[in-house]
file protein-v9.txt (compact mmCIF, C-alpha atoms)
# COMPACT_ATOMS: atom_id res chain seq x y z
CA MET A 5 -33.94 112.85 -35.07
CA ASN A 6 -31.02 110.56 -34.23
CA THR A 7 -30.43 109.99 -37.94
CA PHE A 8 -30.41 113.72 -38.59
CA LYS A 9 -27.97 114.25 -35.72
CA LYS A 10 -25.62 111.54 -36.99
CA THR A 11 -25.76 112.96 -40.51
CA SER A 12 -25.00 116.46 -39.22
CA ILE A 13 -22.06 115.20 -37.18
CA ALA A 14 -20.68 113.25 -40.14
CA LEU A 15 -21.07 116.24 -42.45
CA GLY A 16 -19.46 118.55 -39.92
CA SER A 17 -16.54 116.16 -39.45
CA TRP A 18 -16.07 115.94 -43.21
CA ILE A 19 -16.05 119.73 -43.57
CA VAL A 20 -13.56 120.11 -40.71
CA GLU A 21 -11.29 117.46 -42.25
CA LEU A 22 -11.53 119.12 -45.66
CA LEU A 23 -10.63 122.54 -44.24
CA GLU A 24 -7.76 120.99 -42.29
CA GLU A 25 -6.37 119.34 -45.42
CA MET A 26 -6.73 122.55 -47.44
CA GLY A 27 -4.88 124.46 -44.75
CA GLY A 28 -2.20 121.81 -44.53
CA GLY A 29 -1.73 121.79 -48.29
CA ALA A 30 -1.50 125.59 -48.40
CA THR A 31 1.06 125.53 -45.57
CA LEU A 32 3.17 122.94 -47.39
CA LEU A 33 3.01 124.99 -50.60
CA TRP A 34 4.13 128.10 -48.73
CA ARG A 35 7.07 126.20 -47.19
CA LEU A 36 8.09 125.01 -50.65
CA ILE A 37 7.98 128.55 -52.01
CA LEU A 38 10.21 129.74 -49.16
CA LEU A 39 12.62 126.84 -49.77
CA THR A 40 12.91 127.48 -53.52
CA PRO A 41 16.21 129.44 -53.18
CA LYS A 42 17.75 126.24 -51.76
CA VAL A 43 17.07 124.24 -54.92
CA PRO A 44 20.75 124.36 -56.07
CA ARG A 45 21.71 122.37 -52.96
CA THR A 46 19.50 119.48 -54.07
CA TRP A 47 19.84 119.82 -57.83
CA HIS A 48 21.08 116.24 -58.23
CA LEU A 49 17.87 115.06 -56.53
CA VAL A 50 15.83 117.23 -58.89
CA LEU A 51 17.49 115.56 -61.89
CA ASP A 52 16.70 112.12 -60.46
CA GLN A 53 13.06 113.09 -60.04
CA MET A 54 12.90 114.58 -63.55
CA LEU A 55 13.97 111.17 -64.83
CA GLU A 56 11.39 109.38 -62.69
CA ILE A 57 8.48 111.76 -63.29
CA GLY A 58 9.16 112.69 -66.89
CA VAL A 59 11.22 110.19 -68.85
CA ARG A 60 9.69 107.08 -67.31
CA SER A 61 6.18 108.42 -67.88
CA MET A 62 6.71 108.98 -71.60
CA PRO A 63 5.55 105.52 -72.80
CA LEU A 64 2.21 106.14 -71.09
CA VAL A 65 2.04 109.68 -72.50
CA PHE A 66 2.86 108.37 -75.98
CA VAL A 67 -0.01 105.88 -76.03
CA VAL A 68 -2.57 108.26 -74.53
CA SER A 69 -1.59 111.17 -76.79
CA VAL A 70 -1.63 109.26 -80.06
CA PHE A 71 -5.05 107.79 -79.39
CA THR A 72 -6.36 111.14 -78.13
CA GLY A 73 -5.51 112.72 -81.45
CA ALA A 74 -6.89 109.75 -83.33
CA VAL A 75 -10.25 109.58 -81.59
CA THR A 76 -10.67 113.38 -81.70
CA THR A 77 -10.15 113.24 -85.47
CA VAL A 78 -12.68 110.43 -85.88
CA GLN A 79 -15.29 112.33 -83.86
CA ALA A 80 -14.62 115.62 -85.66
CA GLY A 81 -14.79 113.93 -89.06
CA TYR A 82 -18.13 112.37 -88.14
CA GLN A 83 -19.62 115.66 -86.92
CA PHE A 84 -18.19 117.75 -89.77
CA SER A 85 -19.35 115.39 -92.53
CA GLY A 86 -21.56 117.33 -94.94
CA TRP A 87 -21.66 120.43 -92.74
CA VAL A 88 -18.21 121.96 -92.31
CA PRO A 89 -15.31 122.24 -94.80
CA LEU A 90 -12.68 119.57 -94.21
CA ILE A 91 -9.92 122.17 -94.00
CA LEU A 92 -11.33 123.18 -90.59
CA LEU A 93 -11.01 119.64 -89.22
CA SER A 94 -7.28 119.82 -88.50
CA SER A 95 -7.54 123.30 -87.00
CA THR A 96 -10.35 122.16 -84.70
CA VAL A 97 -8.45 119.08 -83.57
CA HIS A 98 -5.25 121.09 -83.13
CA ARG A 99 -6.80 123.76 -80.93
CA SER A 100 -8.79 121.21 -78.93
CA VAL A 101 -5.63 119.24 -78.24
CA ILE A 102 -3.25 122.05 -77.32
CA ILE A 103 -5.72 124.04 -75.23
CA GLU A 104 -7.54 121.29 -73.34
CA LEU A 105 -7.05 117.64 -74.18
CA GLY A 106 -3.26 117.60 -74.22
CA PRO A 107 -2.61 119.35 -70.89
CA VAL A 108 -5.51 117.82 -68.97
CA LEU A 109 -5.22 114.20 -70.13
CA THR A 110 -1.46 114.27 -69.73
CA ALA A 111 -1.82 115.64 -66.21
CA LEU A 112 -4.46 113.07 -65.27
CA VAL A 113 -2.60 110.00 -66.52
CA VAL A 114 0.82 111.17 -65.35
CA GLY A 115 -0.64 112.48 -62.11
CA GLY A 116 -2.29 109.15 -61.33
CA ARG A 117 1.04 107.41 -61.74
CA VAL A 118 3.29 110.00 -60.12
CA SER A 119 1.14 111.17 -57.21
CA ALA A 120 0.47 107.56 -56.21
CA SER A 121 4.18 106.78 -56.42
CA ILE A 122 5.16 109.81 -54.34
CA ALA A 123 2.47 109.15 -51.73
CA ALA A 124 3.44 105.48 -51.41
CA GLU A 125 7.16 106.24 -51.19
CA LEU A 126 6.89 109.06 -48.66
CA GLY A 127 4.12 107.26 -46.77
CA THR A 128 6.33 104.21 -46.34
CA MET A 129 9.17 106.42 -45.13
CA LYS A 130 6.78 108.09 -42.70
CA VAL A 131 5.36 104.92 -41.12
CA THR A 132 8.81 103.31 -40.89
CA GLU A 133 10.12 106.45 -39.10
CA GLN A 134 12.65 107.31 -41.80
CA VAL A 135 11.22 110.84 -41.92
CA ASP A 136 11.73 111.12 -38.16
CA ALA A 137 15.31 109.95 -38.64
CA LEU A 138 15.92 112.77 -41.12
CA GLU A 139 14.59 115.29 -38.62
CA ALA A 140 16.83 113.78 -35.91
CA MET A 141 19.81 114.43 -38.20
CA ALA A 142 18.69 118.08 -38.63
CA ILE A 143 17.67 117.47 -42.26
CA ASP A 144 14.43 119.17 -43.28
CA PRO A 145 12.23 116.45 -44.87
CA VAL A 146 10.37 119.02 -46.94
CA ARG A 147 13.59 120.35 -48.46
CA TYR A 148 15.16 116.92 -48.96
CA LEU A 149 12.13 114.87 -50.04
CA VAL A 150 9.39 117.19 -51.27
CA LEU A 151 11.19 120.12 -52.91
CA PRO A 152 13.02 118.04 -55.58
CA ARG A 153 9.77 116.34 -56.59
CA PHE A 154 7.94 119.65 -56.64
CA ILE A 155 10.50 121.37 -58.90
CA ALA A 156 10.87 118.33 -61.17
CA ALA A 157 7.11 118.05 -61.71
CA MET A 158 6.80 121.74 -62.57
CA ILE A 159 9.60 121.40 -65.14
CA MET A 160 8.58 118.09 -66.71
CA LEU A 161 4.80 118.52 -67.04
CA PRO A 162 5.08 121.34 -69.62
CA VAL A 163 7.73 119.32 -71.49
CA MET A 164 5.54 116.22 -71.54
CA THR A 165 2.52 118.29 -72.55
CA ALA A 166 4.39 119.75 -75.52
CA MET A 167 5.41 116.24 -76.57
CA ALA A 168 1.85 115.01 -76.06
CA ASN A 169 0.51 117.76 -78.32
CA ILE A 170 2.90 116.80 -81.11
CA LEU A 171 2.14 113.09 -80.74
CA ALA A 172 -1.60 113.75 -80.71
CA MET A 173 -1.39 115.69 -83.96
CA ALA A 174 0.70 112.90 -85.47
CA GLY A 175 -2.03 110.43 -84.55
CA SER A 176 -4.62 112.82 -85.95
CA TRP A 177 -2.72 113.09 -89.25
CA VAL A 178 -2.51 109.31 -89.66
CA VAL A 179 -6.23 108.83 -89.01
CA ALA A 180 -7.25 111.79 -91.19
CA MET A 181 -5.17 110.56 -94.13
CA SER A 182 -6.35 106.98 -93.86
CA THR A 183 -10.04 107.28 -92.98
CA ILE A 184 -11.44 110.68 -94.05
CA LYS A 185 -12.37 110.85 -97.70
CA GLY A 186 -11.12 113.96 -99.48
CA MET A 187 -8.53 114.92 -96.87
CA THR A 188 -5.04 115.63 -98.22
CA PRO A 189 -1.74 116.39 -96.42
CA HIS A 190 -1.79 119.93 -97.82
CA MET A 191 -5.34 120.52 -96.57
CA PHE A 192 -4.43 119.15 -93.13
CA THR A 193 -1.40 121.41 -92.68
CA GLU A 194 -3.11 124.47 -94.14
CA GLY A 195 -5.99 124.03 -91.69
CA ILE A 196 -3.55 124.13 -88.78
CA LYS A 197 -1.66 127.15 -90.15
CA ALA A 198 -4.85 129.12 -90.77
CA TYR A 199 -5.86 129.10 -87.10
CA PHE A 200 -2.52 128.75 -85.34
CA PHE A 201 -2.11 131.13 -82.40
CA LEU A 202 0.93 131.10 -80.16
CA HIS A 203 -1.10 132.04 -77.11
CA ASP A 204 -3.08 128.79 -77.46
CA TRP A 205 0.13 126.80 -77.10
CA MET A 206 1.29 128.95 -74.19
CA ALA A 207 -2.05 128.57 -72.43
CA GLY A 208 -1.71 124.78 -72.50
CA LEU A 209 1.84 124.98 -71.14
CA TYR A 210 0.77 127.40 -68.40
CA LYS A 211 -1.86 124.88 -67.36
CA ALA A 212 0.71 122.08 -67.35
CA PHE A 213 3.00 124.10 -65.06
CA PHE A 214 0.29 124.41 -62.42
CA PHE A 215 -0.78 120.79 -62.91
CA GLY A 216 2.78 119.76 -62.10
CA MET A 217 2.57 121.66 -58.84
CA VAL A 218 -0.69 119.90 -57.96
CA ILE A 219 0.66 116.43 -58.76
CA ALA A 220 3.76 116.78 -56.58
CA LEU A 221 1.93 118.62 -53.80
CA SER A 222 -0.92 116.10 -53.45
CA GLY A 223 1.39 113.07 -53.42
CA SER A 224 3.81 114.65 -50.95
CA PHE A 225 1.15 116.06 -48.63
CA TYR A 226 -0.75 112.80 -48.17
CA GLY A 227 2.44 110.75 -48.09
CA LEU A 228 3.84 112.74 -45.18
CA ARG A 229 0.51 112.41 -43.34
CA ALA A 230 0.41 108.62 -43.61
CA ALA A 231 0.03 106.69 -40.37
CA GLY A 232 -0.97 103.22 -39.29
CA GLY A 233 1.31 100.93 -41.26
CA ALA A 234 0.52 99.43 -44.64
CA GLU A 235 -3.17 100.31 -44.42
CA GLY A 236 -2.33 103.95 -43.76
CA VAL A 237 0.01 104.03 -46.76
CA GLY A 238 -2.74 102.59 -48.96
CA GLN A 239 -5.25 105.21 -47.76
CA ALA A 240 -2.72 108.01 -48.29
CA THR A 241 -2.09 106.80 -51.85
CA MET A 242 -5.81 106.66 -52.60
CA LYS A 243 -6.41 110.14 -51.18
CA ALA A 244 -3.49 111.55 -53.15
CA VAL A 245 -4.81 110.24 -56.47
CA VAL A 246 -8.38 111.42 -55.79
CA ALA A 247 -7.24 114.87 -54.64
CA ASN A 248 -4.90 115.13 -57.61
CA CYS A 249 -7.66 114.42 -60.15
CA LEU A 250 -10.15 116.76 -58.51
CA MET A 251 -7.68 119.62 -58.18
CA ILE A 252 -6.54 119.28 -61.79
CA LEU A 253 -10.11 119.64 -63.04
CA ILE A 254 -10.87 122.55 -60.70
CA ILE A 255 -7.65 124.40 -61.57
CA ASP A 256 -8.27 123.70 -65.27
CA TYR A 257 -11.57 125.55 -65.05
CA LEU A 258 -10.07 128.45 -63.11
CA LEU A 259 -7.12 128.82 -65.48
CA ALA A 260 -9.38 128.55 -68.53
CA THR A 261 -11.51 131.38 -67.16
CA ILE A 262 -8.49 133.56 -66.41
CA LEU A 263 -6.62 132.86 -69.63
CA PHE A 264 -9.39 132.92 -72.21
CA GLN A 265 -11.88 135.35 -70.70
CA ILE A 266 -9.43 137.87 -69.26
CA ILE A 267 -5.84 137.61 -70.54
CA PHE A 268 -6.28 136.28 -74.07
CA LYS A 269 -9.76 137.65 -74.71
CA GLY A 270 -9.92 138.96 -78.22
CA GLY A 271 -6.56 137.43 -79.03
CA MET A 272 -7.82 136.06 -82.36
CA THR A 273 -8.71 139.49 -83.70
call {"tool": "encode", "arguments": {"input": "protein-v9.txt", "output": "C-alpha cells"}}
result
Amino acid sequence: MNTFKKTSIALGSWIVELLEEMGGGATLLWRLILLTPKVPRTWHLVLDQMLEIGVRSMPLVFVVSVFTGAVTTVQAGYQFSGWVPLILLSSTVHRSVIIELGPVLTALVVGGRVSASIAAELGTMKVTEQVDALEAMAIDPVRYLVLPRFIAAMIMLPVMTAMANILAMAGSWVVAMSTIKGMTPHMFTEGIKAYFFLHDWMAGLYKAFFFGMVIALSGSFYGLRAAGGAEGVGQATMKAVVANCLMILIIDYLLATILFQIIFKGGMT
C-alpha cells in the first residue's frame, strides 16, 4: 500500500509539474506575441541571433542533409530494385525529403544545438542575477533576451530547411549516379519534375516555421527558470533539449494531419 501511495504521489507531482510547465510556456508565447510590434527596437539583436542560429549552424546542416539524401537514395534503390521503375526513385526521395526528412531532421539537429545554447546562456544569466539586473533597470528580459531569439529562429529555420532540401537532393544525385545501375541524370531530373508539387515544398517550410518557434521557446523558457547554480543550468539545458525534441515530433504529427488531410487533401489531382 505504501508503494502504491508513493507511486501515486510521484505521478501526481509529475502531472502537476507538466501542467505548470505547459502553462508557463503558453504564457511566455503569449507575451512574445504581444511584444512582436516592438521587434524594430531590437532589430540589431535579431540580426545577431540570425547569425548565431542560422549561419553558424550551416556546417552541421550541410553534413546531415547530404547524408540524409544519400542514405534515403540507397534505401529506396534497394527497395525499388526489380519492382518499381527507376524514374520514380528520385521523385520518392525528393518528396520524402521536402515533406518530412528535411524539416524534421534539420529542426532536431539545429534545435539540439540552439535550444541547449539558449538555455545555458539565459540560465547562466538567471543564476548570476543578470536577469534581475535588467529588471532593476526597467528593461523587460523577455523583450531584450527572448524576443530576438524567437524571431531569428522563426526566420532562419525555413531558410535552413530550404538549403537542407537542396543539399539532400544533391547528395541523392551523387549516390544515384554512382551506385544505382541504369540511372541517368535525365531520368533523375525527369522523376523529380513528374511529381513536383509546390504545396509539398510549402508544407515543409510551414513546418520549419513552427519548429523555429519551438526551438527558441523551449530554450528560453527553461533558461529563465534555471536556479541553483551550475547544476541548475545543466538541468535547464537538459530539459530544454528533451522538450524541444518531443515538441518537434508532436507538432510534426499535428501539422502533417492538418496540411495533408485537410488543407492539401486532393492537391495532386
call {"tool": "closest_residue", "arguments": {"input": "protein-v9.txt", "among": "A:His48, A:Lys211, A:Lys243, A:Arg229", "to": "Gly106 of chain A", "atoms": "all atoms listed in the file"}}
result
A:Lys211
call {"tool": "atom_distance", "arguments": {"input": "protein-v9.txt", "atom1": "atom CA of Ala260 of chain A", "atom2": "atom CA of Leu109 of chain A"}}
result
15.0 Å
call {"tool": "residues_around", "arguments": {"input": "protein-v9.txt", "residues": "Ala120 of chain A", "least_positions_apart": "4", "cutoff": "8 Å", "atoms": "all atoms listed in the file", "output": "list in words"}}
result
Gly115, Gly116, Ala124, Gly223, Thr241, Met242, Ala244 and Val245 of chain A
call {"tool": "atom_distance", "arguments": {"input": "protein-v9.txt", "atom1": "atom CA of Gly238 of chain A", "atom2": "atom CA of Leu149 of chain A"}}
result
19.3 Å
call {"tool": "closest_residue", "arguments": {"input": "protein-v9.txt", "among": "A:Ile262, A:Ala168, A:Ile57, A:Met187", "to": "Val108 of chain A", "atoms": "all atoms listed in the file"}}
result
A:Ala168
call {"tool": "closest_residue", "arguments": {"input": "protein-v9.txt", "among": "A:Ala220, A:Glu139, A:Gly16, A:Leu112", "to": "Leu64 of chain A", "atoms": "all atoms listed in the file"}}
result
A:Leu112
call {"tool": "residues_around", "arguments": {"input": "protein-v9.txt", "residues": "Ile219 of chain A", "least_positions_apart": "3", "cutoff": "9 Å", "atoms": "only C-alpha atoms", "output": "PyMOL selection string"}}
result
chain A and resi 111-112+114-116+118-119+154+157-158+214-216+222-224+244-245+248-249+251-252
call {"tool": "write_last_selection", "arguments": {"input": "protein-v9.txt", "atoms": "C-alpha atoms", "output": "mmCIF file, in the coordinates of the input"}}
result
data_model
loop_
_atom_site.group_PDB
_atom_site.id
_atom_site.type_symbol
_atom_site.label_atom_id
_atom_site.label_comp_id
_atom_site.auth_asym_id
_atom_site.auth_seq_id
_atom_site.Cartn_x
_atom_site.Cartn_y
_atom_site.Cartn_z
ATOM 1 C CA ALA A 111 -1.820 115.640 -66.210
ATOM 2 C CA LEU A 112 -4.460 113.070 -65.270
ATOM 3 C CA VAL A 114 0.820 111.170 -65.350
ATOM 4 C CA GLY A 115 -0.640 112.480 -62.110
ATOM 5 C CA GLY A 116 -2.290 109.150 -61.330
ATOM 6 C CA VAL A 118 3.290 110.000 -60.120
ATOM 7 C CA SER A 119 1.140 111.170 -57.210
ATOM 8 C CA PHE A 154 7.940 119.650 -56.640
ATOM 9 C CA ALA A 157 7.110 118.050 -61.710
ATOM 10 C CA MET A 158 6.800 121.740 -62.570
ATOM 11 C CA PHE A 214 0.290 124.410 -62.420
ATOM 12 C CA PHE A 215 -0.780 120.790 -62.910
ATOM 13 C CA GLY A 216 2.780 119.760 -62.100
ATOM 14 C CA SER A 222 -0.920 116.100 -53.450
ATOM 15 C CA GLY A 223 1.390 113.070 -53.420
ATOM 16 C CA SER A 224 3.810 114.650 -50.950
ATOM 17 C CA ALA A 244 -3.490 111.550 -53.150
ATOM 18 C CA VAL A 245 -4.810 110.240 -56.470
ATOM 19 C CA ASN A 248 -4.900 115.130 -57.610
ATOM 20 C CA CYS A 249 -7.660 114.420 -60.150
ATOM 21 C CA MET A 251 -7.680 119.620 -58.180
ATOM 22 C CA ILE A 252 -6.540 119.280 -61.790
#
call {"tool": "closest_residue", "arguments": {"input": "protein-v9.txt", "among": "A:Leu126, A:Leu151, A:Leu33, A:Leu93", "to": "Tyr199 of chain A", "atoms": "only C-alpha atoms"}}
result
A:Leu93
call {"tool": "residues_around", "arguments": {"input": "protein-v9.txt", "residues": "Gly127 of chain A", "least_positions_apart": "6", "cutoff": "9 Å", "atoms": "all atoms listed in the file", "output": "ChimeraX atom specification"}}
result
/A:224,226-231,233-234,236-238,240-241
call {"tool": "atom_distance", "arguments": {"input": "protein-v9.txt", "atom1": "atom CA of Leu49 of chain A", "atom2": "atom CA of Arg153 of chain A"}}
result
8.2 Å
call {"tool": "residues_near_point", "arguments": {"input": "protein-v9.txt", "point": "(-8.7, 122.8, -94.9)", "cutoff": "12 Å", "atoms": "all atoms listed in the file", "output": "mmCIF file with C-alpha atoms, keeping the file's coordinate frame"}}
result
data_model
loop_
_atom_site.group_PDB
_atom_site.id
_atom_site.type_symbol
_atom_site.label_atom_id
_atom_site.label_comp_id
_atom_site.auth_asym_id
_atom_site.auth_seq_id
_atom_site.Cartn_x
_atom_site.Cartn_y
_atom_site.Cartn_z
ATOM 1 C CA PHE A 84 -18.190 117.750 -89.770
ATOM 2 C CA VAL A 88 -18.210 121.960 -92.310
ATOM 3 C CA PRO A 89 -15.310 122.240 -94.800
ATOM 4 C CA LEU A 90 -12.680 119.570 -94.210
ATOM 5 C CA ILE A 91 -9.920 122.170 -94.000
ATOM 6 C CA LEU A 92 -11.330 123.180 -90.590
ATOM 7 C CA LEU A 93 -11.010 119.640 -89.220
ATOM 8 C CA SER A 94 -7.280 119.820 -88.500
ATOM 9 C CA SER A 95 -7.540 123.300 -87.000
ATOM 10 C CA THR A 96 -10.350 122.160 -84.700
ATOM 11 C CA VAL A 97 -8.450 119.080 -83.570
ATOM 12 C CA ALA A 180 -7.250 111.790 -91.190
ATOM 13 C CA GLY A 186 -11.120 113.960 -99.480
ATOM 14 C CA MET A 187 -8.530 114.920 -96.870
ATOM 15 C CA THR A 188 -5.040 115.630 -98.220
ATOM 16 C CA PRO A 189 -1.740 116.390 -96.420
ATOM 17 C CA HIS A 190 -1.790 119.930 -97.820
ATOM 18 C CA MET A 191 -5.340 120.520 -96.570
ATOM 19 C CA PHE A 192 -4.430 119.150 -93.130
ATOM 20 C CA THR A 193 -1.400 121.410 -92.680
ATOM 21 C CA GLU A 194 -3.110 124.470 -94.140
ATOM 22 C CA GLY A 195 -5.990 124.030 -91.690
ATOM 23 C CA ILE A 196 -3.550 124.130 -88.780
ATOM 24 C CA LYS A 197 -1.660 127.150 -90.150
ATOM 25 C CA ALA A 198 -4.850 129.120 -90.770
ATOM 26 C CA TYR A 199 -5.860 129.100 -87.100
#
call {"tool": "closest_residue", "arguments": {"input": "protein-v9.txt", "among": "A:Ala207, A:Glu21, A:Ile255, A:Gly175", "to": "Val67 of chain A", "atoms": "all atoms listed in the file"}}
result
A:Gly175
call {"tool": "closest_residue", "arguments": {"input": "protein-v9.txt", "among": "A:Phe268, A:Phe66, A:Trp205, A:Phe213", "to": "Ile155 of chain A", "atoms": "all atoms listed in the file"}}
result
A:Phe213
call {"tool": "residues_near_point", "arguments": {"input": "protein-v9.txt", "point": "(4.5, 121.6, -48.1)", "cutoff": "8 Å", "atoms": "all atoms listed in the file", "output": "PyMOL selection string"}}
result
chain A and resi 28-36+146+150+221+224-225
call {"tool": "decode", "arguments": {"input": "protein-v9.txt", "residues": "segment 133-142 of chain A", "atoms": "all heavy atoms", "output": "tab-separated table (two decimals), in the first residue's frame"}}
result
chain	number	residue	atom	x	y	z
A	133	GLU	N	22.13	36.47	-11.57
A	133	GLU	CA	21.31	37.65	-11.29
A	133	GLU	C	21.43	38.75	-12.34
A	133	GLU	O	21.08	39.90	-12.07
A	133	GLU	CB	21.63	38.21	-9.90
A	133	GLU	CG	21.36	37.20	-8.78
A	133	GLU	CD	21.64	37.77	-7.40
A	133	GLU	OE1	22.20	38.89	-7.32
A	133	GLU	OE2	21.29	37.12	-6.41
A	134	GLN	N	21.91	38.41	-13.53
A	134	GLN	CA	21.95	39.40	-14.60
A	134	GLN	C	20.53	39.72	-15.10
A	134	GLN	O	20.26	40.86	-15.51
A	134	GLN	CB	22.80	38.89	-15.75
A	134	GLN	CG	24.27	38.72	-15.40
A	134	GLN	CD	25.08	38.20	-16.57
A	134	GLN	OE1	25.08	38.79	-17.65
A	134	GLN	NE2	25.77	37.09	-16.38
A	135	VAL	N	19.66	38.72	-15.08
A	135	VAL	CA	18.26	38.97	-15.47
A	135	VAL	C	17.60	39.91	-14.47
A	135	VAL	O	16.85	40.83	-14.86
A	135	VAL	CB	17.48	37.64	-15.56
A	135	VAL	CG1	16.01	37.90	-15.82
A	135	VAL	CG2	18.06	36.76	-16.66
A	136	ASP	N	17.88	39.72	-13.19
A	136	ASP	CA	17.34	40.62	-12.16
A	136	ASP	C	17.87	42.03	-12.35
A	136	ASP	O	17.15	43.01	-12.12
A	136	ASP	CB	17.71	40.11	-10.76
A	136	ASP	CG	17.08	38.76	-10.45
A	136	ASP	OD1	16.02	38.47	-11.04
A	136	ASP	OD2	17.65	38.01	-9.64
A	137	ALA	N	19.12	42.15	-12.79
A	137	ALA	CA	19.70	43.47	-13.03
A	137	ALA	C	18.98	44.18	-14.17
A	137	ALA	O	18.75	45.40	-14.11
A	137	ALA	CB	21.19	43.34	-13.34
A	138	LEU	N	18.62	43.43	-15.22
A	138	LEU	CA	17.86	44.02	-16.31
A	138	LEU	C	16.52	44.55	-15.82
A	138	LEU	O	16.09	45.66	-16.19
A	138	LEU	CB	17.64	43.00	-17.42
A	138	LEU	CG	18.87	42.61	-18.26
A	138	LEU	CD1	18.50	41.48	-19.22
A	138	LEU	CD2	19.37	43.81	-19.05
A	139	GLU	N	15.85	43.76	-15.00
A	139	GLU	CA	14.56	44.19	-14.46
A	139	GLU	C	14.73	45.42	-13.58
A	139	GLU	O	13.86	46.31	-13.57
A	139	GLU	CB	13.91	43.05	-13.68
A	139	GLU	CG	13.51	41.86	-14.55
A	139	GLU	CD	12.96	40.72	-13.74
A	139	GLU	OE1	13.22	40.68	-12.51
A	139	GLU	OE2	12.27	39.86	-14.32
A	140	ALA	N	15.83	45.50	-12.81
A	140	ALA	CA	16.09	46.66	-11.96
A	140	ALA	C	16.30	47.92	-12.79
A	140	ALA	O	16.01	49.03	-12.33
A	140	ALA	CB	17.31	46.40	-11.08
A	141	MET	N	16.78	47.76	-14.03
A	141	MET	CA	16.97	48.90	-14.93
A	141	MET	C	15.74	49.15	-15.80
A	141	MET	O	15.81	49.87	-16.79
A	141	MET	CB	18.20	48.66	-15.82
A	141	MET	CG	19.51	48.65	-15.05
A	141	MET	SD	20.96	48.56	-16.14
A	141	MET	CE	20.78	46.89	-16.78
A	142	ALA	N	14.62	48.51	-15.46
A	142	ALA	CA	13.35	48.68	-16.18
A	142	ALA	C	13.45	48.17	-17.62
A	142	ALA	O	12.79	48.71	-18.52
A	142	ALA	CB	12.90	50.13	-16.15
